[in-house]
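Everything below belongs to structure-v6.pdb, which stores PDB, C-alpha atoms.
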```pdb
ATOM      1  CA  MET A 273     176.574 136.059  92.929
ATOM      2  CA  THR A 274     175.466 138.917  95.182
ATOM      3  CA  ASP A 275     175.568 138.894  98.972
ATOM      4  CA  VAL A 276     171.789 138.656  99.082
ATOM      5  CA  GLU A 277     171.855 135.666  96.744
ATOM      6  CA  ILE A 278     174.488 133.959  98.875
ATOM      7  CA  ILE A 279     172.462 134.552 102.045
ATOM      8  CA  SER A 280     169.341 133.192 100.379
ATOM      9  CA  LEU A 281     171.211 130.154  99.070
ATOM     10  CA  VAL A 282     172.748 129.440 102.466
ATOM     11  CA  ASN A 283     169.430 129.800 104.279
ATOM     12  CA  ASP A 284     167.603 127.557 101.820
ATOM     13  CA  SER A 285     170.351 124.985 102.092
ATOM     14  CA  LEU A 286     170.339 124.982 105.908
ATOM     15  CA  ILE A 287     166.546 124.779 106.001
ATOM     16  CA  GLU A 288     166.629 121.769 103.702
ATOM     17  CA  GLU A 289     169.621 120.090 105.309
ATOM     18  CA  PHE A 290     168.627 120.482 108.946
ATOM     19  CA  GLU A 291     164.856 120.781 108.522
ATOM     20  CA  LEU A 292     164.820 124.197 110.123
ATOM     21  CA  ASP A 293     161.811 126.455 110.385
ATOM     22  CA  GLU A 294     162.022 129.297 107.896
ATOM     23  CA  SER A 295     160.795 131.765 110.507
ATOM     24  CA  ALA A 296     163.810 130.927 112.678
ATOM     25  CA  MET A 297     166.267 132.008 109.992
ATOM     26  CA  VAL A 298     167.061 135.443 111.325
ATOM     27  CA  SER A 299     170.624 136.724 111.384
ATOM     28  CA  GLU A 300     170.760 136.997 115.187
ATOM     29  CA  ALA A 301     169.631 133.366 115.675
ATOM     30  CA  GLU A 302     172.233 131.435 117.658
ATOM     31  CA  ILE A 303     173.114 128.252 115.833
ATOM     32  CA  PHE A 304     173.141 126.013 118.915
ATOM     33  CA  ALA A 305     170.543 127.581 121.199
ATOM     34  CA  ASP A 306     168.033 128.835 118.643
ATOM     35  CA  LEU A 307     168.523 126.614 115.607
ATOM     36  CA  GLY A 308     169.184 123.459 117.654
ATOM     37  CA  LEU A 309     172.296 122.417 115.771
ATOM     38  CA  ASP A 310     175.017 120.369 117.447
ATOM     39  CA  SER A 311     178.744 120.073 116.831
ATOM     40  CA  LEU A 312     178.290 117.289 114.270
ATOM     41  CA  ASP A 313     175.822 119.466 112.409
ATOM     42  CA  ILE A 314     178.559 122.046 112.045
ATOM     43  CA  VAL A 315     180.719 119.423 110.338
ATOM     44  CA  ASP A 316     177.821 118.594 108.021
ATOM     45  CA  MET A 317     177.172 122.271 107.448
ATOM     46  CA  VAL A 318     180.771 122.786 106.343
ATOM     47  CA  VAL A 319     180.490 119.919 103.844
ATOM     48  CA  VAL A 320     177.222 121.320 102.492
ATOM     49  CA  LEU A 321     178.425 124.929 102.247
ATOM     50  CA  GLU A 322     181.688 123.945 100.602
ATOM     51  CA  GLY A 323     179.798 122.051  97.918
ATOM     52  CA  LEU A 324     177.192 124.755  97.540
ATOM     53  CA  LEU A 325     179.506 127.759  97.213
ATOM     54  CA  GLU A 326     182.638 126.026  95.928
ATOM     55  CA  ILE A 327     184.758 127.304  98.802
ATOM     56  CA  LYS A 328     187.147 125.642 101.261
ATOM     57  CA  ILE A 329     186.392 126.493 104.880
ATOM     58  CA  ARG A 330     186.908 123.348 106.927
ATOM     59  CA  ASP A 331     190.359 124.297 108.200
ATOM     60  CA  ASP A 332     189.600 127.961 108.668
ATOM     61  CA  GLU A 333     190.093 129.294 112.177
ATOM     62  CA  GLY A 334     187.191 131.667 111.611
ATOM     63  CA  LEU A 335     184.764 128.738 111.924
ATOM     64  CA  ARG A 336     185.362 128.670 115.671
ATOM     65  CA  GLU A 337     184.098 132.227 116.007
ATOM     66  CA  ILE A 338     180.717 131.499 114.469
ATOM     67  CA  ARG A 339     177.870 131.907 116.935
ATOM     68  CA  THR A 340     174.908 133.133 114.923
ATOM     69  CA  LEU A 341     173.348 132.671 111.523
ATOM     70  CA  GLY A 342     174.559 136.164 110.668
ATOM     71  CA  ASP A 343     178.115 135.048 111.493
ATOM     72  CA  ILE A 344     177.711 132.206 108.986
ATOM     73  CA  HIS A 345     176.515 134.625 106.315
ATOM     74  CA  ARG A 346     179.406 137.032 106.862
ATOM     75  CA  PHE A 347     181.923 134.194 107.024
ATOM     76  CA  VAL A 348     180.899 132.480 103.785
ATOM     77  CA  ILE A 349     180.492 135.769 101.915
ATOM     78  CA  THR A 350     184.066 136.690 102.889
ATOM     79  CA  LYS A 351     185.343 133.264 101.840
ATOM     80  CA  LYS A 352     183.427 133.386  98.561
ATOM     81  CA  ARG A 353     184.896 136.767  97.735
ATOM     82  CA  GLU A 354     188.409 135.566  98.624
ATOM     83  CA  THR A 355     187.956 132.530  96.391
ATOM     84  CA  GLU A 356     186.730 134.670  93.515
ATOM     85  CA  THR A 357     189.629 137.095  93.933
ATOM     86  CA  ALA A 358     192.147 134.260  93.984
ATOM     87  CA  ALA A 359     190.641 132.827  90.801
ATOM     88  CA  ASP A 360     190.868 136.156  88.922
TER
ATOM     89  CA  MET B 238     140.045 100.999 132.652
ATOM     90  CA  LEU B 239     142.533 103.874 132.668
ATOM     91  CA  ALA B 240     142.554 104.069 136.448
ATOM     92  CA  LEU B 241     142.933 100.309 136.748
ATOM     93  CA  MET B 242     145.824 100.305 134.288
ATOM     94  CA  ASN B 243     147.693 103.063 136.110
ATOM     95  CA  LEU B 244     147.008 101.544 139.539
ATOM     96  CA  TRP B 245     148.317  98.222 138.227
ATOM     97  CA  VAL B 246     151.343  99.255 136.197
ATOM     98  CA  TYR B 247     153.018 101.953 138.281
ATOM     99  CA  PRO B 248     153.047 100.114 141.650
ATOM    100  CA  LEU B 249     154.198  96.893 139.999
ATOM    101  CA  LEU B 250     156.899  98.741 138.076
ATOM    102  CA  ILE B 251     158.157 100.319 141.305
ATOM    103  CA  ILE B 252     158.096  96.944 143.088
ATOM    104  CA  TRP B 253     159.905  95.272 140.174
ATOM    105  CA  THR B 254     162.487  98.068 140.103
ATOM    106  CA  VAL B 255     163.176  97.744 143.847
ATOM    107  CA  VAL B 256     163.301  93.945 143.645
ATOM    108  CA  GLY B 257     165.583  94.190 140.623
ATOM    109  CA  LEU B 258     167.917  96.540 142.463
ATOM    110  CA  LEU B 259     168.027  94.234 145.484
ATOM    111  CA  ILE B 260     168.618  90.982 143.629
ATOM    112  CA  SER B 261     170.975  92.347 140.996
ATOM    113  CA  PRO B 262     174.245  91.955 142.989
ATOM    114  CA  VAL B 263     173.673  88.251 143.689
ATOM    115  CA  THR B 264     172.273  87.617 140.224
ATOM    116  CA  PHE B 265     175.252  89.392 138.713
ATOM    117  CA  LEU B 266     177.742  87.229 140.583
ATOM    118  CA  LEU B 267     175.912  84.033 139.617
ATOM    119  CA  TRP B 268     175.603  85.110 135.979
ATOM    120  CA  ARG B 269     179.228  86.161 135.845
ATOM    121  CA  GLY B 270     180.350  82.858 137.308
ATOM    122  CA  VAL B 271     178.306  80.779 134.878
ATOM    123  CA  SER B 272     178.559  82.819 131.662
ATOM    124  CA  ARG B 273     181.962  84.520 131.956
ATOM    125  CA  TRP B 274     180.391  87.429 130.070
ATOM    126  CA  SER B 275     181.845  90.909 130.526
ATOM    127  CA  VAL B 276     180.271  93.199 133.125
ATOM    128  CA  ALA B 277     178.871  95.421 130.370
ATOM    129  CA  LYS B 278     177.289  92.522 128.483
ATOM    130  CA  ILE B 279     175.685  91.146 131.649
ATOM    131  CA  MET B 280     174.294  94.568 132.540
ATOM    132  CA  ARG B 281     172.867  95.038 129.040
ATOM    133  CA  HIS B 282     171.229  91.651 129.386
ATOM    134  CA  PHE B 283     169.838  92.585 132.806
ATOM    135  CA  ILE B 284     168.399  95.795 131.379
ATOM    136  CA  TRP B 285     166.830  93.764 128.579
ATOM    137  CA  LEU B 286     165.350  91.359 131.150
ATOM    138  CA  TYR B 287     164.065  94.322 133.160
ATOM    139  CA  GLY B 288     162.271  95.484 130.022
ATOM    140  CA  ARG B 289     160.879  92.021 129.398
ATOM    141  CA  VAL B 290     159.333  91.922 132.880
ATOM    142  CA  TRP B 291     157.929  95.425 132.316
ATOM    143  CA  MET B 292     156.303  94.054 129.165
ATOM    144  CA  LEU B 293     154.701  91.286 131.246
ATOM    145  CA  ILE B 294     153.427  93.884 133.727
ATOM    146  CA  VAL B 295     151.714  95.970 131.045
ATOM    147  CA  LEU B 296     150.597  92.973 128.991
ATOM    148  CA  PRO B 297     146.974  93.029 130.289
ATOM    149  CA  PHE B 298     146.606  96.466 128.709
ATOM    150  CA  VAL B 299     149.167  96.570 125.917
ATOM    151  CA  SER B 300     149.621  94.245 122.961
ATOM    152  CA  PHE B 301     153.056  93.837 121.443
ATOM    153  CA  LYS B 302     153.865  92.822 117.913
ATOM    154  CA  ARG B 303     157.193  92.715 116.156
ATOM    155  CA  GLU B 304     158.072  92.063 112.532
ATOM    156  CA  GLY B 305     161.271  91.603 110.565
ATOM    157  CA  PHE B 306     163.218  89.993 113.384
ATOM    158  CA  ASP B 307     164.109  86.736 111.684
ATOM    159  CA  GLN B 308     167.078  84.462 112.275
ATOM    160  CA  ALA B 309     169.263  86.540 109.948
ATOM    161  CA  TYR B 310     168.416  89.593 112.039
ATOM    162  CA  ARG B 311     169.570  87.879 115.221
ATOM    163  CA  GLN B 312     172.874  86.983 113.622
ATOM    164  CA  ARG B 313     173.438  90.436 112.141
ATOM    165  CA  THR B 314     175.550  91.777 114.962
ATOM    166  CA  PRO B 315     177.298  93.941 115.764
ATOM    167  CA  CYS B 316     175.405  96.717 114.074
ATOM    168  CA  ILE B 317     174.051 100.204 114.550
ATOM    169  CA  TYR B 318     170.326 100.475 115.265
ATOM    170  CA  VAL B 319     168.290 103.621 114.742
ATOM    171  CA  ILE B 320     164.707 103.951 115.944
ATOM    172  CA  ASN B 321     162.107 106.695 116.055
ATOM    173  CA  HIS B 322     161.271 108.138 119.468
ATOM    174  CA  LEU B 323     157.719 108.624 120.700
ATOM    175  CA  SER B 324     157.628 107.989 124.430
ATOM    176  CA  PHE B 325     159.620 107.484 127.612
ATOM    177  CA  PHE B 326     158.695 103.804 127.412
ATOM    178  CA  ASP B 327     160.355 103.345 124.003
ATOM    179  CA  THR B 328     163.495 102.323 125.866
ATOM    180  CA  PHE B 329     161.563  99.657 127.767
ATOM    181  CA  CYS B 330     160.142  98.392 124.475
ATOM    182  CA  MET B 331     163.658  97.653 123.262
ATOM    183  CA  ALA B 332     163.124  94.389 125.133
ATOM    184  CA  LEU B 333     161.047  93.429 122.082
ATOM    185  CA  GLN B 334     164.367  92.982 120.342
ATOM    186  CA  PRO B 335     165.533  89.365 120.153
ATOM    187  CA  VAL B 336     169.051  90.463 121.091
ATOM    188  CA  SER B 337     170.144  92.038 124.344
ATOM    189  CA  ASP B 338     173.748  93.069 123.823
ATOM    190  CA  ILE B 339     172.942  96.642 122.856
ATOM    191  CA  ALA B 340     174.398  99.826 124.317
ATOM    192  CA  PHE B 341     172.077 102.819 124.049
ATOM    193  CA  VAL B 342     173.232 106.255 123.037
ATOM    194  CA  VAL B 343     171.478 108.712 125.317
ATOM    195  CA  ARG B 344     171.542 112.356 126.202
ATOM    196  CA  ALA B 345     172.941 113.585 129.505
ATOM    197  CA  TRP B 346     169.657 113.943 131.391
ATOM    198  CA  PRO B 347     168.873 110.228 131.972
ATOM    199  CA  PHE B 348     172.257 109.839 133.659
ATOM    200  CA  ARG B 349     171.466 112.761 135.957
ATOM    201  CA  ARG B 350     167.738 112.476 136.621
ATOM    202  CA  LEU B 351     167.033 108.733 136.464
ATOM    203  CA  PHE B 352     169.488 108.191 139.313
ATOM    204  CA  TRP B 353     168.199 104.703 140.181
ATOM    205  CA  TYR B 354     169.245 103.551 136.700
ATOM    206  CA  THR B 355     172.487 105.537 136.446
ATOM    207  CA  ALA B 356     174.874 102.908 137.778
ATOM    208  CA  PHE B 357     173.375 100.251 135.520
ATOM    209  CA  MET B 358     173.678 102.501 132.474
ATOM    210  CA  ARG B 359     177.309 103.189 133.370
ATOM    211  CA  TRP B 360     178.066  99.492 133.890
ATOM    212  CA  ALA B 361     176.339  98.694 130.593
ATOM    213  CA  ARG B 362     178.583 101.363 129.011
ATOM    214  CA  TYR B 363     175.706 103.382 127.637
ATOM    215  CA  LEU B 364     177.041 106.335 125.682
ATOM    216  CA  ASP B 365     176.411 109.821 127.029
ATOM    217  CA  VAL B 366     177.030 111.514 123.715
ATOM    218  CA  GLU B 367     175.935 114.915 124.980
ATOM    219  CA  ASP B 368     178.598 115.170 127.677
ATOM    220  CA  ALA B 369     181.311 113.012 126.094
ATOM    221  CA  GLY B 370     181.063 114.418 122.571
ATOM    222  CA  PHE B 371     181.086 112.467 119.335
ATOM    223  CA  SER B 372     184.772 111.563 119.058
ATOM    224  CA  ALA B 373     185.005 110.032 122.537
ATOM    225  CA  SER B 374     181.653 108.292 122.098
ATOM    226  CA  ALA B 375     182.738 106.895 118.727
ATOM    227  CA  GLU B 376     185.873 105.436 120.276
ATOM    228  CA  GLU B 377     183.834 103.877 123.070
ATOM    229  CA  ALA B 378     181.399 102.532 120.462
ATOM    230  CA  ARG B 379     184.307 100.976 118.599
ATOM    231  CA  LEU B 380     185.359  99.097 121.726
ATOM    232  CA  ILE B 381     181.799  97.919 122.344
ATOM    233  CA  THR B 382     181.278  96.684 118.798
ATOM    234  CA  ASP B 383     184.721  95.065 118.693
ATOM    235  CA  ALA B 384     183.526  93.012 121.660
ATOM    236  CA  GLY B 385     180.384  91.973 119.764
ATOM    237  CA  GLY B 386     177.908  94.514 121.140
ATOM    238  CA  SER B 387     175.683  96.779 119.086
ATOM    239  CA  ILE B 388     174.786 100.448 119.449
ATOM    240  CA  LEU B 389     171.291 101.944 119.433
ATOM    241  CA  PHE B 390     170.493 105.569 118.606
ATOM    242  CA  PHE B 391     167.343 107.634 118.750
ATOM    243  CA  PRO B 392     168.451 109.846 115.840
ATOM    244  CA  GLU B 393     165.749 112.437 116.517
ATOM    245  CA  GLY B 394     167.376 113.176 119.882
ATOM    246  CA  HIS B 395     164.011 113.924 121.512
ATOM    247  CA  ARG B 396     160.597 112.372 121.701
ATOM    248  CA  SER B 397     158.265 113.473 118.950
ATOM    249  CA  ARG B 398     155.384 115.609 120.227
ATOM    250  CA  ASP B 399     153.074 114.902 117.291
ATOM    251  CA  GLY B 400     154.085 111.390 116.281
ATOM    252  CA  GLU B 401     155.794 112.612 113.126
ATOM    253  CA  LEU B 402     159.478 112.011 112.524
ATOM    254  CA  GLN B 403     161.587 114.984 113.519
ATOM    255  CA  ARG B 404     164.892 115.934 111.974
ATOM    256  CA  PHE B 405     167.600 113.286 112.277
ATOM    257  CA  TYR B 406     170.974 114.049 113.795
ATOM    258  CA  SER B 407     173.972 112.591 112.001
ATOM    259  CA  GLY B 408     175.769 110.679 114.770
ATOM    260  CA  ALA B 409     174.407 107.195 114.085
ATOM    261  CA  PHE B 410     175.095 107.430 110.367
ATOM    262  CA  LEU B 411     178.572 108.842 110.755
ATOM    263  CA  LEU B 412     179.359 106.069 113.227
ATOM    264  CA  ALA B 413     178.074 103.382 110.842
ATOM    265  CA  VAL B 414     180.298 104.785 108.095
ATOM    266  CA  LYS B 415     183.335 105.150 110.355
ATOM    267  CA  LEU B 416     183.025 101.650 111.840
ATOM    268  CA  ASN B 417     181.746 100.139 108.580
ATOM    269  CA  LEU B 418     178.885  98.443 110.375
ATOM    270  CA  PRO B 419     175.423  97.716 108.958
ATOM    271  CA  LEU B 420     172.767 100.154 110.073
ATOM    272  CA  VAL B 421     169.399  98.637 110.941
ATOM    273  CA  PRO B 422     166.413 101.012 110.960
ATOM    274  CA  LEU B 423     163.675 100.156 113.453
ATOM    275  CA  CYS B 424     160.196 101.654 113.450
ATOM    276  CA  ILE B 425     157.938 101.729 116.489
ATOM    277  CA  THR B 426     154.320 102.816 116.799
ATOM    278  CA  GLY B 427     151.830 102.837 119.659
ATOM    279  CA  THR B 428     154.056 104.020 122.494
ATOM    280  CA  ASP B 429     152.847 107.579 121.924
ATOM    281  CA  ARG B 430     149.387 106.330 122.819
ATOM    282  CA  LEU B 431     150.713 104.279 125.753
ATOM    283  CA  LEU B 432     152.432 107.283 127.335
ATOM    284  CA  PRO B 433     152.534 110.487 125.312
ATOM    285  CA  PRO B 434     155.229 113.063 126.108
ATOM    286  CA  GLY B 435     154.183 115.462 128.862
ATOM    287  CA  THR B 436     151.879 113.128 130.753
ATOM    288  CA  PHE B 437     152.096 110.338 133.346
ATOM    289  CA  CYS B 438     148.733 108.782 132.526
ATOM    290  CA  LEU B 439     149.149 105.415 130.831
ATOM    291  CA  ARG B 440     146.615 104.310 128.263
ATOM    292  CA  PRO B 441     145.986 100.940 126.628
ATOM    293  CA  ALA B 442     147.849 100.638 123.362
ATOM    294  CA  ARG B 443     149.026  98.380 120.577
ATOM    295  CA  VAL B 444     152.775  98.596 120.240
ATOM    296  CA  ARG B 445     154.359  97.464 116.980
ATOM    297  CA  MET B 446     158.028  97.313 116.142
ATOM    298  CA  GLN B 447     159.279  96.653 112.639
ATOM    299  CA  ALA B 448     162.876  96.017 111.593
ATOM    300  CA  LEU B 449     163.738  97.257 108.122
ATOM    301  CA  PRO B 450     166.424  95.643 105.956
ATOM    302  CA  PRO B 451     169.953  96.609 106.998
ATOM    303  CA  VAL B 452     171.700  99.431 105.206
ATOM    304  CA  ASP B 453     175.279  98.789 104.136
ATOM    305  CA  PRO B 454     177.482 101.864 104.707
ATOM    306  CA  ALA B 455     179.778 100.717 101.905
ATOM    307  CA  ALA B 456     177.041 101.760  99.491
ATOM    308  CA  PHE B 457     177.706 105.382 100.427
ATOM    309  CA  THR B 458     180.925 107.091  99.479
ATOM    310  CA  GLY B 459     182.427 110.547  99.668
ATOM    311  CA  GLU B 460     182.656 112.979 102.500
ATOM    312  CA  ASP B 461     178.884 113.397 102.602
ATOM    313  CA  ALA B 462     178.271 109.627 102.730
ATOM    314  CA  HIS B 463     176.659 109.782 106.169
ATOM    315  CA  ILE B 464     174.463 112.705 105.135
ATOM    316  CA  VAL B 465     173.097 110.871 102.107
ATOM    317  CA  MET B 466     172.662 107.734 104.202
ATOM    318  CA  ARG B 467     170.796 109.694 106.882
ATOM    319  CA  LYS B 468     168.364 111.122 104.339
ATOM    320  CA  GLN B 469     167.702 107.775 102.678
ATOM    321  CA  VAL B 470     167.161 105.988 105.984
ATOM    322  CA  LYS B 471     164.828 108.685 107.234
ATOM    323  CA  ALA B 472     162.786 108.499 104.032
ATOM    324  CA  LYS B 473     162.483 104.708 104.374
ATOM    325  CA  MET B 474     161.455 104.985 108.020
ATOM    326  CA  ALA B 475     158.906 107.694 107.293
ATOM    327  CA  LEU B 476     157.336 105.524 104.596
ATOM    328  CA  LYS B 477     157.230 102.440 106.833
ATOM    329  CA  LEU B 478     155.779 104.402 109.758
ATOM    330  CA  LYS B 479     153.042 105.718 107.499
ATOM    331  CA  GLU B 480     152.208 102.154 106.448
ATOM    332  CA  MET B 481     152.214 100.949 110.043
ATOM    333  CA  ARG B 482     149.943 103.757 111.224
ATOM    334  CA  ALA B 483     147.547 103.104 108.348
ATOM    335  CA  VAL B 484     147.126  99.534 109.605
ATOM    336  CA  ASP B 485     146.750 100.687 113.238
TER
END
```

Encoded form (structure tokens):
Amino acid sequence: MTDVEIISLVNDSLIEEFELDESAMVSEAEIFADLGLDSLDIVDMVVVLEGLLEIKIRDDEGLREIRTLGDIHRFVITKKRETETAAD
Amino acid sequence: MLALMNLWVYPLLIIWTVVGLLISPVTFLLWRGVSRWSVAKIMRHFIWLYGRVWMLIVLPFVSFKREGFDQAYRQRTPCIYVINHLSFFDTFCMALQPVSDIAFVVRAWPFRRLFWYTAFMRWARYLDVEDAGFSASAEEARLITDAGGSILFFPEGHRSRDGELQRFYSGAFLLAVKLNLPLVPLCITGTDRLLPPGTFCLRPARVRMQALPPVDPAAFTGEDAHIVMRKQVKAKMALKLKEMRAVD
């Protein structure tokens, strides 16, 4: 799965899960201020992304650093690559 | 008609609010002495009574109808209620409920801006989920429900601007799963006509509230149980609201 495919998958999933407007899905969008998510949504997002990408991220310290949609993309791409490397 | 309604309702609501504030200390002491209820339960009942009198005030201009509130409904407590949000007066319309021991989950602004209600909301142990966060609010909710009270959420978080259901936040559903309490969806229509968001001009309206069958959280398993539950409940509410609006 390419980075572009992961980003597309993540965006589609977040749009469906949190009923977000597609036009708001820009990488600099802040997840709380611009996308209107709350702290519980982040918990839900972790559950959804873990299932979607077959990664484990819930205990990762990096989650606390996420501020924007672009941060989410970079974070899950890194985790996906780490998971793939570990599996090889 | 509009002018008459507004000249009737607002002054009477202010008078009733002032009278309610003045008589509440004595009434509280009397009620406490007779019932031995907790402070929170008495305050929730007072808030419910306040809403009932508001309903009487607007009754010349607003018709109220409720469905699905049978005897089984009254006995199905404690539980978690979720209801769609159309207007400021939705909270007043909760007096349509046949039960009064309900703590509302609200955002931070009513505690700050509706200062004449703040003390009563605190005494009634309403949950300020925005400031307290989910974990603290869930623990408070556990104490309330252990004592027999129920919890009411507006899962959209904000009033709808177009009458359509907005996205649902997860709090109510996660709480139902965590506390293993039945979740009762409620649907309300007409309050958006009574007082739409962004205006102070009241209009005659027909307000209908419908209780849907309770949803058992045990039917949902796994770590995404509350997410699946949230989606199913929203779909049921959307369908029922469509039916209700078709009749209106």

Spatial neighbours of range 306-311 of chain A, max dist 12 Å, all atoms listed in the file, sep filter under 5 positions, as a ChimeraX atom specification
/A:283,286-287,289-301,316-318,335-336,338-341 /B:366-372,393-395,404-408

Please enumerate the residues selected by the PyMOL selection byres ((chain B and resi 460) around 12) when evaluated against the supplied file, formatted as a list in words.
Val315, Asp316, Met317, Val318, Val319, Val320, Glu322 and Gly323 of chain A; Leu411, Val414, Lys415, Phe457, Thr458, Gly459, Asp461, Ala462, His463, Ile464, Val465 and Met466 of chain B

Can you list, as a ChimeraX atom specification, every protein, DNA or RNA residue that comes within 7 Å of Val421 in chain B when you count all atoms listed in the file, leaving out same-chain residues fewer than 2 positions away?
/B:317-319,419,423,449-452

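With all atoms listed in the file as the atoms that count, the minimum distance from Leu281 in chain A to the choices A:Leu325, A:Glu337, A:Asp343, A:Glu356 is reached by A:Leu325.
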
May I ask which of the residues A:Glu277, A:Glu333, A:Asp313, A:Asp360 is the closest one to chain B, counting all atoms listed in the file?
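Nearest candidate to chain B out of A:Glu277, A:Glu333, A:Asp313, A:Asp360: A:Asp313.
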
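The neighbours of Asp275 in chain A here are the residues that come within 10 Å of it, using only C-alpha atoms and leaving out any residue fewer than 3 positions away in the same chain; they are Ile278, Ile279, Ser280, Leu281, His345, Arg346, Val348, Ile349, Thr350, Lys352 and Arg353 of chain A.
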
Given only C-alpha atoms, how would the per-residue table for range 250-299 of chain B near range 436-440 of chain B read, listing every residue at most 10 Å away with its closest atom pair and distance in Å to one decimal, sorted by chain and number, as CSV?
```
residue,atom,partner,partner_atom,distance
B:Val295,CA,B:Leu439,CA,9.8
B:Phe298,CA,B:Arg440,CA,7.9
B:Val299,CA,B:Arg440,CA,8.5
```

Using the chain letters and numbering of this document, enumerate as a ChimeraX atom specification the residues selected by the PyMOL selection byres ((chain B and resi 326) around 9).
/B:323-325,327-331,428-429,431-432

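Checking A:Ile327, A:Val276, A:Lys351, A:Glu288 one by one against chain B, counting all atoms listed in the file, you find the shortest gap at A:Glu288.
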
Two-atom distance - CA of Ala442 in chain B, CA of Leu241 in chain B (Å)
14.3 Å

As an exercise, work out the distance from CA of Leu258 in chain B to CA of Asn243 in chain B in Å and give it to one decimal place.
22.2 Å

The residue from A:Thr357, A:Gly342, A:Leu312, A:Glu302 with the smallest atom-to-atom distance to chain B, counting only C-alpha atoms, is A:Leu312

Interatomic distance (Å, one decimal) between CA of Leu478 in chain B and CA of Gln334 in chain B:
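Taking CA of Leu478 in chain B and CA of Gln334 in chain B, their separation equals 17.8 Å.
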
Compile the contact shell of Pro262 in chain B as a PyMOL selection string: residues with an atom at most 12 Å away, counting all atoms listed in the file, same-chain residues fewer than 5 positions apart removed.
chain B and resi 256-257+267-269+276+279-280+283+357
